[in-house]
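Chemist: Got a structure for you, written out below as structure tokens; questions coming shortly.
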Amino acid sequence: MAQNKWVLRNKLAELYGYSRSAIDHKRKDGTWPEGRIWRKAPDGRIFYNVAAIDR
């Protein structure tokens, strides 16, 4: 879907149509596991793996 494998929340919302709060909820409730679907960068920003979400 996207050229970049890892994207920030705003781009993920744009690509998939999820609200930012829905994305946060999926991350916090464990629907999207850390390391496979999302990861935290050293600067604290959270990135999402679009290739894993597409699967």
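Here's how to read the names in the structure tokens: chain A, B, ... by the order shown, residue numbers from 1 in each chain, ligand numbers from 1 in the order shown.
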Using DSSP on the backbone coordinates, identify all residues within chain A classified as alpha helix (DSSP H); present the result as a PyMOL selection string.
Modeler: chain A and resi 9-16+20-28+50-54
Chemist: Just the residues within 12 Å of Asn10 of chain A, please, counting only C-alpha atoms, with nothing from its chain fewer than 2 positions along; format it as a list in words.
Modeler: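 Everything that qualifies: Trp6, Val7, Leu8, Leu12, Ala13, Glu14, Leu15, Tyr16, Gly17, Tyr18, Ser19, Arg20, Ser21, Ala22, Ile23, Asp24, Arg45, Ile46, Phe47 and Tyr48 of chain A.
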Chemist: Between A:Arg55, A:Gly35, A:Asn49, A:Gly30, which has the minimum distance to Arg9 of chain A (counting only C-alpha atoms)?
Modeler: A:Asn49
Chemist: I need the residues in chain A that are strand (DSSP E) according to DSSP; give them as number ranges by chain.
Modeler: A: 6-8, 38-40, 46-49
Chemist: Could you tell me how far atom CA of Asp43 of chain A sits from atom CA of His25 of chain A, in Å to one decimal place?
Modeler: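 Going from atom CA of His25 of chain A over to atom CA of Asp43 of chain A, I get 21.3 Å.
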